[in-house]
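A short write-up of the structure that comes next.
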Amino acid sequence: MNGKAAITPFGLYVHWPYCTRLCPYCDFNIYRHRGGNHDDLLHAIIKDIEGHGARINAPGPLHSLSLGGGTPSLLTPAQVSALIETAGRVFGFADDPEISLEANPDALSTQKCTDFAKAGINRISIGVQSLDDRNLRFLGRDHSADEARRAVDAALQAHVRTSADFIYELPGQTPDDWSRDLDAALTLGLDHYSFYALTIAPGTAFGVQRAKGRLIPADEERAASLFELTQERTKQADLPAYEVSNHARTPAAQSRHNLVYWQNGDWVGVGPGAHGRINMNGQRHATSTALRPDDYCTAIRKTGWGVIEQSLLSGDDTAMEALSMGLRLRGGLDLGQLNSQTGFTLDQDKLRTLIADDYLHLGNQILRVRQKGWALIDALVLELVT
C-alpha cells in the first residue's frame, strides 16, 4: 500500500445499503437485509470503482477508504478484502491509509473484528448510540448496552483504531440524563467519539410521529445546554472537539476520511445512493448514483459505472461547500486559499459584524468559529452567504 502522498485529500466511499433493522431516526438510503450474500451488488460496486478509475482525474493515491451504510459489517471479511483489493489496484493507497468500516454492535465478535483486520480494515466505527437500554429501545436498536460494550472490547482486542457513535438530545432527555450516558460513554476509554444530536427527518418513522404530535423534539434552550455539556465534559476528558460533533484525543485519532469532506477534498462515491466530488477534465463535478440496488446494478451493466447524475460545480458552488464544511472544524478555513482556488470572497460587512459580535475570529486569513457560535454554525454560514 505504498505510494506518493496526494497533494489534496482523496478518499473512496463505499455505501452498503443493507441493515438487519431500519432505525426510526435514519434517513440514509437503506434497505432491510433479508439474507443472502448480495454478491451481485458487490460485483457491481467493484465494476463501479473500476469505472470511476477510467473516467476521473484522481489527485493521487487514496488517503482513505470508508465502508459505510447501512451496515457494511454484514459483509464477510472476504467481500471486504475484495473491495480493498480493487481500490488499491485502481487508485493505489498513500502511505498509512485509513481503511474504515462502520459496524453495529450485534454479532461483532473479537474473531470477526480480527478477520476484518486481516482483510485490511484498520479502523472500526461502532454505532453504539447509547449505553442506556431504555434509550436503545427508543432508538429502535437491536443491541443492549452490554452487547455494545462487548463489541467495543472486541474491536480493541483486534488492535484496530476504534470509534463509537452516540446520539443525544432525545425527547425529554435532561442534562442529568445525558450526563449519565455521556459519562458511561467516556468510561470506554476510546480515542475517538462522535456525539450527534438527534435529527428528526421527514419520511422517517420519527418524522411521522413528530408530524402527528406524538414526538416532541428538544427546544433550542435544552439543545444548547446539552451541546455545551458535551463540549465541557469531553474537554475535561482530554477529548476536545476537532469538528462540531467529533472528538479525538490526538490528531492521529481523527477520522481521516471525514476530513476529506470537511477539507473540501475529492472523493469517489460508489454503491446505491452514494455521492461524490470528482475531477474530470480539470473541472470539479458532483456525482450521485441510483438509489435502489437493482437500478444501481442495471446502470453499471449499461454504462460501466453507477453515476446517474453528474453536475459541473462552479467556483461559487465549491466555495459554498468549502465554507459550510470547513467552518465545522476547530482549525477553521483558510480564506486566502479558498479565494485562490475559487475566486470567491465573503461579504466584508457581514464578516466584520459577525466578528464584532464574537461569533467568528479571523487571523492570518484563517476564519474560525468562536465558542459562542459553535452551536450555530449552519446559521452563521447562511448569514455569510445570503
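Identifiers for the C-alpha cells are assigned positionally: chains receive A, B, ... in sequence, residues are indexed from 1 per chain, and ligands are indexed from 1 in the order shown.
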With 9 Å as the cut-off and only C-alpha atoms counted, what is the closest atom pair between each nearby residue of stretch 235-341 of chain A and stretch 94-114 of chain A? Distances in Å to one decimal, ordered by chain and number, as a tab-separated table.
residue	atom	partner	partner_atom	distance
A:Ser255	CA	A:Glu98	CA	8.2
A:Arg256	CA	A:Glu98	CA	6.5
A:His257	CA	A:Glu98	CA	7.2
Take the residues that were just selected and, keeping N, CA and C atoms, output them as a PDB file, in the first residue's frame.
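Everything below was put into result-v8.pdb:
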ATOM      1  N   SER A 255     -10.768  11.246  12.308  1.00  0.00           N
ATOM      2  CA  SER A 255     -11.256  10.497  11.149  1.00  0.00           C
ATOM      3  C   SER A 255     -10.703  11.121   9.878  1.00  0.00           C
ATOM      4  N   ARG A 256      -9.770  10.432   9.247  1.00  0.00           N
ATOM      5  CA  ARG A 256      -9.145  10.987   8.046  1.00  0.00           C
ATOM      6  C   ARG A 256     -10.135  11.046   6.884  1.00  0.00           C
ATOM      7  N   HIS A 257     -11.031  10.061   6.822  1.00  0.00           N
ATOM      8  CA  HIS A 257     -11.982  10.085   5.711  1.00  0.00           C
ATOM      9  C   HIS A 257     -12.944  11.258   5.841  1.00  0.00           C
TER      10      HIS A 257
END
What are the closest atom pairs, with distances in Å to one decimal, for all residues of stretch 244-332 of chain A lying within 6 Å of stretch 184-206 of chain A? Consider only C-alpha atoms, order rows by chain and residue number, and present the result as CSV.
residue,atom,partner,partner_atom,distance
A:Ser245,CA,A:Phe195,CA,5.2
A:Asn246,CA,A:Ser194,CA,4.5
A:His247,CA,A:Tyr193,CA,5.3
A:Ala248,CA,A:His192,CA,4.5
A:Arg249,CA,A:Asp191,CA,5.0
Atoms kept (N, CA and C atoms) for selection, written as a PDB file, in the first residue's frame:
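This is the output file again24.pdb:
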ATOM      1  N   SER A 245     -19.269  17.693  15.947  1.00  0.00           N
ATOM      2  CA  SER A 245     -19.787  16.503  16.622  1.00  0.00           C
ATOM      3  C   SER A 245     -18.723  15.436  16.884  1.00  0.00           C
ATOM      4  N   ASN A 246     -17.486  15.708  16.518  1.00  0.00           N
ATOM      5  CA  ASN A 246     -16.446  14.683  16.576  1.00  0.00           C
ATOM      6  C   ASN A 246     -15.300  15.094  17.495  1.00  0.00           C
ATOM      7  N   HIS A 247     -14.866  14.135  18.295  1.00  0.00           N
ATOM      8  CA  HIS A 247     -13.888  14.388  19.350  1.00  0.00           C
ATOM      9  C   HIS A 247     -12.766  13.364  19.269  1.00  0.00           C
ATOM     10  N   ALA A 248     -11.530  13.839  19.353  1.00  0.00           N
ATOM     11  CA  ALA A 248     -10.388  12.935  19.259  1.00  0.00           C
ATOM     12  C   ALA A 248      -9.344  13.309  20.310  1.00  0.00           C
ATOM     13  N   ARG A 249      -8.696  12.277  20.843  1.00  0.00           N
ATOM     14  CA  ARG A 249      -7.679  12.507  21.871  1.00  0.00           C
ATOM     15  C   ARG A 249      -6.423  13.138  21.284  1.00  0.00           C
TER      16      ARG A 249
END
List as a ChimeraX atom specification the protein and nucleic acid residues near A:Phe91, meaning an atom at most 12 Å away when only C-alpha atoms are counted, but skip any in the same chain fewer than 4 places from it. /A:1-4,6,10-12,49-65,84-87,267-268
Residues as selected, N, CA and C atoms, written as a compact mmCIF listing (two decimals), in the first residue's frame, can you do that?
# COMPACT_ATOMS: atom_id res chain seq x y z
N MET A 1 0.82 -1.20 0.00
CA MET A 1 0.00 0.00 0.00
C MET A 1 0.86 1.26 0.00
N ASN A 2 1.98 1.20 -0.66
CA ASN A 2 2.84 2.36 -0.70
C ASN A 2 2.49 3.24 -1.89
N GLY A 3 2.84 4.50 -1.79
CA GLY A 3 2.58 5.42 -2.88
C GLY A 3 2.93 6.82 -2.45
N LYS A 4 3.05 7.70 -3.42
CA LYS A 4 3.35 9.08 -3.09
C LYS A 4 2.12 9.74 -2.49
N ALA A 6 -0.76 12.31 -1.84
CA ALA A 6 -1.53 13.18 -2.73
C ALA A 6 -1.42 14.62 -2.28
N PHE A 10 -7.82 12.68 -0.70
CA PHE A 10 -8.57 11.93 -1.69
C PHE A 10 -9.08 10.65 -1.04
N GLY A 11 -10.40 10.41 -1.16
CA GLY A 11 -10.99 9.26 -0.50
C GLY A 11 -11.96 8.52 -1.40
N LEU A 12 -12.29 7.33 -0.96
CA LEU A 12 -13.29 6.48 -1.63
C LEU A 12 -14.32 6.07 -0.60
N ILE A 49 -16.09 1.02 -9.11
CA ILE A 49 -14.77 1.55 -8.75
C ILE A 49 -13.88 1.58 -9.99
N GLU A 50 -13.90 0.50 -10.74
CA GLU A 50 -13.10 0.43 -11.96
C GLU A 50 -13.56 1.47 -12.98
N GLY A 51 -14.89 1.67 -13.07
CA GLY A 51 -15.42 2.66 -14.00
C GLY A 51 -15.00 4.07 -13.64
N HIS A 52 -14.99 4.38 -12.35
CA HIS A 52 -14.51 5.70 -11.91
C HIS A 52 -13.03 5.87 -12.24
N GLY A 53 -12.26 4.81 -12.01
CA GLY A 53 -10.83 4.90 -12.28
C GLY A 53 -10.53 5.22 -13.72
N ALA A 54 -11.38 4.77 -14.63
CA ALA A 54 -11.17 5.01 -16.05
C ALA A 54 -11.62 6.39 -16.49
N ARG A 55 -12.42 7.07 -15.66
CA ARG A 55 -13.05 8.32 -16.10
C ARG A 55 -12.55 9.57 -15.40
N ILE A 56 -12.04 9.47 -14.18
CA ILE A 56 -11.76 10.68 -13.41
C ILE A 56 -10.26 10.99 -13.38
N ASN A 57 -9.97 12.23 -13.02
CA ASN A 57 -8.59 12.65 -12.78
C ASN A 57 -8.33 12.58 -11.28
N ALA A 58 -7.83 11.46 -10.81
CA ALA A 58 -7.57 11.29 -9.37
C ALA A 58 -6.42 12.20 -8.96
N PRO A 59 -6.54 12.91 -7.83
CA PRO A 59 -5.46 13.81 -7.39
C PRO A 59 -4.25 13.06 -6.84
N GLY A 60 -4.33 11.75 -6.78
CA GLY A 60 -3.24 10.96 -6.24
C GLY A 60 -3.79 9.67 -5.68
N PRO A 61 -2.99 8.91 -4.96
CA PRO A 61 -3.49 7.69 -4.34
C PRO A 61 -4.45 8.01 -3.20
N LEU A 62 -5.20 7.01 -2.77
CA LEU A 62 -6.22 7.19 -1.74
C LEU A 62 -5.60 7.40 -0.36
N HIS A 63 -6.06 8.44 0.32
CA HIS A 63 -5.73 8.62 1.73
C HIS A 63 -6.67 7.79 2.60
N SER A 64 -7.88 7.54 2.09
CA SER A 64 -8.86 6.85 2.92
C SER A 64 -9.83 6.05 2.06
N LEU A 65 -10.30 4.97 2.64
CA LEU A 65 -11.38 4.16 2.08
C LEU A 65 -12.35 3.92 3.22
N ILE A 84 -11.25 -3.79 -0.90
CA ILE A 84 -9.97 -3.12 -0.62
C ILE A 84 -8.97 -3.41 -1.74
N GLU A 85 -8.93 -4.65 -2.20
CA GLU A 85 -8.01 -5.01 -3.28
C GLU A 85 -8.32 -4.21 -4.53
N THR A 86 -9.60 -4.06 -4.84
CA THR A 86 -9.99 -3.30 -6.03
C THR A 86 -9.58 -1.84 -5.91
N ALA A 87 -9.84 -1.24 -4.75
CA ALA A 87 -9.47 0.16 -4.54
C ALA A 87 -7.97 0.36 -4.71
N TRP A 267 -13.55 12.96 -3.51
CA TRP A 267 -13.83 11.59 -3.14
C TRP A 267 -14.74 10.95 -4.17
N VAL A 268 -14.53 9.67 -4.36
CA VAL A 268 -15.37 8.85 -5.21
C VAL A 268 -16.45 8.21 -4.34
Which residues are near A:Asp378? Cut-off 12 Å, only C-alpha atoms, ignore same chain within fewer than 6 positions. Put them as a PDB file with C-alpha atoms, in the first residue's frame.
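Final file, part.pdb:
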ATOM      1  CA  VAL A 244     -18.787  20.079  15.745  1.00  0.00           C
ATOM      2  CA  MET A 320     -20.169  27.393  -0.588  1.00  0.00           C
ATOM      3  CA  GLU A 321     -19.439  23.756   0.149  1.00  0.00           C
ATOM      4  CA  LEU A 323     -17.370  27.245   3.725  1.00  0.00           C
ATOM      5  CA  SER A 324     -20.218  25.160   5.143  1.00  0.00           C
ATOM      6  CA  MET A 325     -17.934  22.184   5.783  1.00  0.00           C
ATOM      7  CA  GLY A 326     -14.697  23.943   6.708  1.00  0.00           C
ATOM      8  CA  LEU A 327     -16.192  26.111   9.433  1.00  0.00           C
ATOM      9  CA  ARG A 328     -17.266  22.943  11.246  1.00  0.00           C
ATOM     10  CA  VAL A 369     -15.899  29.919  14.781  1.00  0.00           C
ATOM     11  CA  LEU A 384     -22.418  34.894   5.466  1.00  0.00           C
ATOM     12  CA  VAL A 385     -23.647  33.757   2.064  1.00  0.00           C
TER      13      VAL A 385
END
List every residue of stretch 157-327 of chain A that DSSP, applied to the backbone, labels as strand (DSSP E or B), and write the result as a VMD selection string. chain A and resid 161 to 168 192 to 197 241 to 243 246 to 248 266 to 270 275 to 280 283 to 289 307 to 312
Could you save the residues just selected, with N, CA and C atoms, as a short mmCIF file (atom, residue, chain, number, x, y, z; two decimals), in the first residue's frame?
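Final output, result_25.cif:
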data_model
loop_
_atom_site.label_atom_id
_atom_site.label_comp_id
_atom_site.auth_asym_id
_atom_site.auth_seq_id
_atom_site.Cartn_x
_atom_site.Cartn_y
_atom_site.Cartn_z
N ARG A 161 -7.99 0.85 15.21
CA ARG A 161 -8.47 2.12 15.75
C ARG A 161 -9.99 2.01 15.90
N THR A 162 -10.50 2.43 17.05
CA THR A 162 -11.92 2.21 17.35
C THR A 162 -12.59 3.52 17.73
N SER A 163 -13.74 3.76 17.11
CA SER A 163 -14.56 4.94 17.41
C SER A 163 -15.97 4.46 17.74
N ALA A 164 -16.70 5.28 18.49
CA ALA A 164 -18.09 4.95 18.81
C ALA A 164 -18.97 6.17 18.58
N ASP A 165 -20.15 5.91 18.02
CA ASP A 165 -21.15 6.96 17.79
C ASP A 165 -22.19 6.92 18.91
N PHE A 166 -22.63 8.11 19.32
CA PHE A 166 -23.70 8.23 20.31
C PHE A 166 -24.68 9.30 19.85
N ILE A 167 -25.93 9.13 20.26
CA ILE A 167 -26.99 10.09 19.94
C ILE A 167 -27.54 10.67 21.24
N TYR A 168 -27.68 11.98 21.26
CA TYR A 168 -28.27 12.64 22.43
C TYR A 168 -29.33 13.63 21.96
N HIS A 192 -11.53 8.21 20.05
CA HIS A 192 -12.40 8.96 19.14
C HIS A 192 -13.86 8.66 19.44
N TYR A 193 -14.66 9.72 19.50
CA TYR A 193 -16.11 9.60 19.69
C TYR A 193 -16.81 10.56 18.74
N SER A 194 -18.01 10.17 18.33
CA SER A 194 -18.91 11.07 17.61
C SER A 194 -20.18 11.19 18.43
N PHE A 195 -20.54 12.41 18.81
CA PHE A 195 -21.74 12.67 19.58
C PHE A 195 -22.68 13.52 18.73
N TYR A 196 -23.75 12.89 18.25
CA TYR A 196 -24.68 13.55 17.33
C TYR A 196 -25.99 13.88 18.01
N ALA A 197 -26.45 15.12 17.83
CA ALA A 197 -27.78 15.48 18.29
C ALA A 197 -28.80 14.79 17.39
N ALA A 241 -13.26 18.69 20.84
CA ALA A 241 -13.90 18.61 19.52
C ALA A 241 -12.94 19.15 18.47
N TYR A 242 -12.72 18.38 17.41
CA TYR A 242 -12.00 18.92 16.27
C TYR A 242 -12.97 19.27 15.15
N GLU A 243 -14.23 18.82 15.32
CA GLU A 243 -15.35 19.15 14.44
C GLU A 243 -16.57 19.22 15.35
N ASN A 246 -17.49 15.71 16.52
CA ASN A 246 -16.45 14.68 16.58
C ASN A 246 -15.30 15.09 17.49
N HIS A 247 -14.87 14.13 18.30
CA HIS A 247 -13.89 14.39 19.35
C HIS A 247 -12.77 13.36 19.27
N ALA A 248 -11.53 13.84 19.35
CA ALA A 248 -10.39 12.93 19.26
C ALA A 248 -9.34 13.31 20.31
N ASP A 266 -11.33 15.65 -2.76
CA ASP A 266 -12.08 14.87 -3.75
C ASP A 266 -12.38 13.49 -3.17
N TRP A 267 -13.55 12.96 -3.51
CA TRP A 267 -13.83 11.59 -3.14
C TRP A 267 -14.74 10.95 -4.17
N VAL A 268 -14.53 9.67 -4.36
CA VAL A 268 -15.37 8.85 -5.21
C VAL A 268 -16.45 8.21 -4.34
N GLY A 269 -17.69 8.26 -4.77
CA GLY A 269 -18.78 7.62 -4.04
C GLY A 269 -19.38 6.51 -4.87
N VAL A 270 -19.32 5.27 -4.36
CA VAL A 270 -19.89 4.13 -5.08
C VAL A 270 -20.87 3.39 -4.15
N HIS A 275 -22.77 9.63 -3.05
CA HIS A 275 -22.44 10.91 -3.67
C HIS A 275 -20.93 11.07 -3.74
N GLY A 276 -20.45 11.80 -4.73
CA GLY A 276 -19.02 12.03 -4.85
C GLY A 276 -18.72 13.45 -5.30
N ARG A 277 -17.45 13.83 -5.14
CA ARG A 277 -16.92 15.08 -5.67
C ARG A 277 -15.64 14.73 -6.39
N ILE A 278 -15.67 14.80 -7.71
CA ILE A 278 -14.57 14.29 -8.50
C ILE A 278 -14.14 15.30 -9.56
N ASN A 279 -12.92 15.12 -10.06
CA ASN A 279 -12.38 15.99 -11.09
C ASN A 279 -12.33 15.23 -12.41
N MET A 280 -12.95 15.82 -13.42
CA MET A 280 -12.89 15.27 -14.77
C MET A 280 -12.54 16.38 -15.74
N GLN A 283 -12.18 19.86 -14.25
CA GLN A 283 -13.33 20.52 -13.65
C GLN A 283 -13.94 19.65 -12.56
N ARG A 284 -14.40 20.28 -11.50
CA ARG A 284 -14.95 19.57 -10.36
C ARG A 284 -16.44 19.28 -10.58
N HIS A 285 -16.83 18.05 -10.34
CA HIS A 285 -18.21 17.62 -10.56
C HIS A 285 -18.78 16.99 -9.29
N ALA A 286 -20.08 17.17 -9.12
CA ALA A 286 -20.83 16.44 -8.10
C ALA A 286 -21.48 15.25 -8.78
N THR A 287 -21.39 14.07 -8.16
CA THR A 287 -21.98 12.88 -8.75
C THR A 287 -22.90 12.19 -7.76
N SER A 288 -23.87 11.46 -8.27
CA SER A 288 -24.73 10.63 -7.43
C SER A 288 -25.11 9.39 -8.21
N THR A 289 -25.38 8.31 -7.47
CA THR A 289 -25.71 7.03 -8.09
C THR A 289 -27.18 6.70 -7.86
N VAL A 307 -22.85 6.15 -11.83
CA VAL A 307 -23.30 7.54 -11.78
C VAL A 307 -24.49 7.75 -12.71
N ILE A 308 -25.58 8.30 -12.15
CA ILE A 308 -26.75 8.62 -12.98
C ILE A 308 -27.00 10.12 -13.04
N GLU A 309 -26.40 10.87 -12.11
CA GLU A 309 -26.49 12.34 -12.15
C GLU A 309 -25.10 12.91 -11.95
N GLN A 310 -24.77 13.88 -12.78
CA GLN A 310 -23.44 14.47 -12.75
C GLN A 310 -23.59 15.94 -13.08
N SER A 311 -23.10 16.82 -12.22
CA SER A 311 -23.25 18.26 -12.47
C SER A 311 -21.92 18.97 -12.24
N LEU A 312 -21.64 19.90 -13.12
CA LEU A 312 -20.43 20.71 -13.02
C LEU A 312 -20.60 21.73 -11.89
#
Show which residues sit within 10 Å of A:Leu170, as a list in words. Count only C-alpha atoms, and ignore same-chain residues fewer than 6 positions away. Asn135, Phe138, Leu139, Asp177, Trp178, Ala197, Leu198, Thr199, Leu215, Ile216, Pro217, Ala218 and Ala223 of chain A
Selected residue of minimal separation from A:Gly120 among A:Gly172, A:Gly88, A:Pro17, A:Pro9, counting only C-alpha atoms: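 Nearest to A:Gly120: A:Gly88.
When atom CA of A:Leu42 is paired with atom CA of A:Ile126, their separation reads 22.0 Å.
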Distance atom CA of A:His15-atom CA of A:Ala148, one decimal place? 22.9 Å
A:Asn258, A:Pro171, A:Ser340, A:Ala78 ranked by distance to A:Arg210, top pick (using only C-alpha atoms):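 The answer is A:Pro171, which sits nearest to A:Arg210.
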Identify, on the basis of only C-alpha atoms, every residue whose closest approach to A:Glu220 does not exceed 12 Å; exclude the query and any residue fewer than 6 positions from it along the same chain; express the result as a VMD selection string. chain A and resid 169 197 226 to 227 375 to 376
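Interatomic distance, atom CA of A:Arg180 against atom CA of A:Ala145: 13.2 Å.
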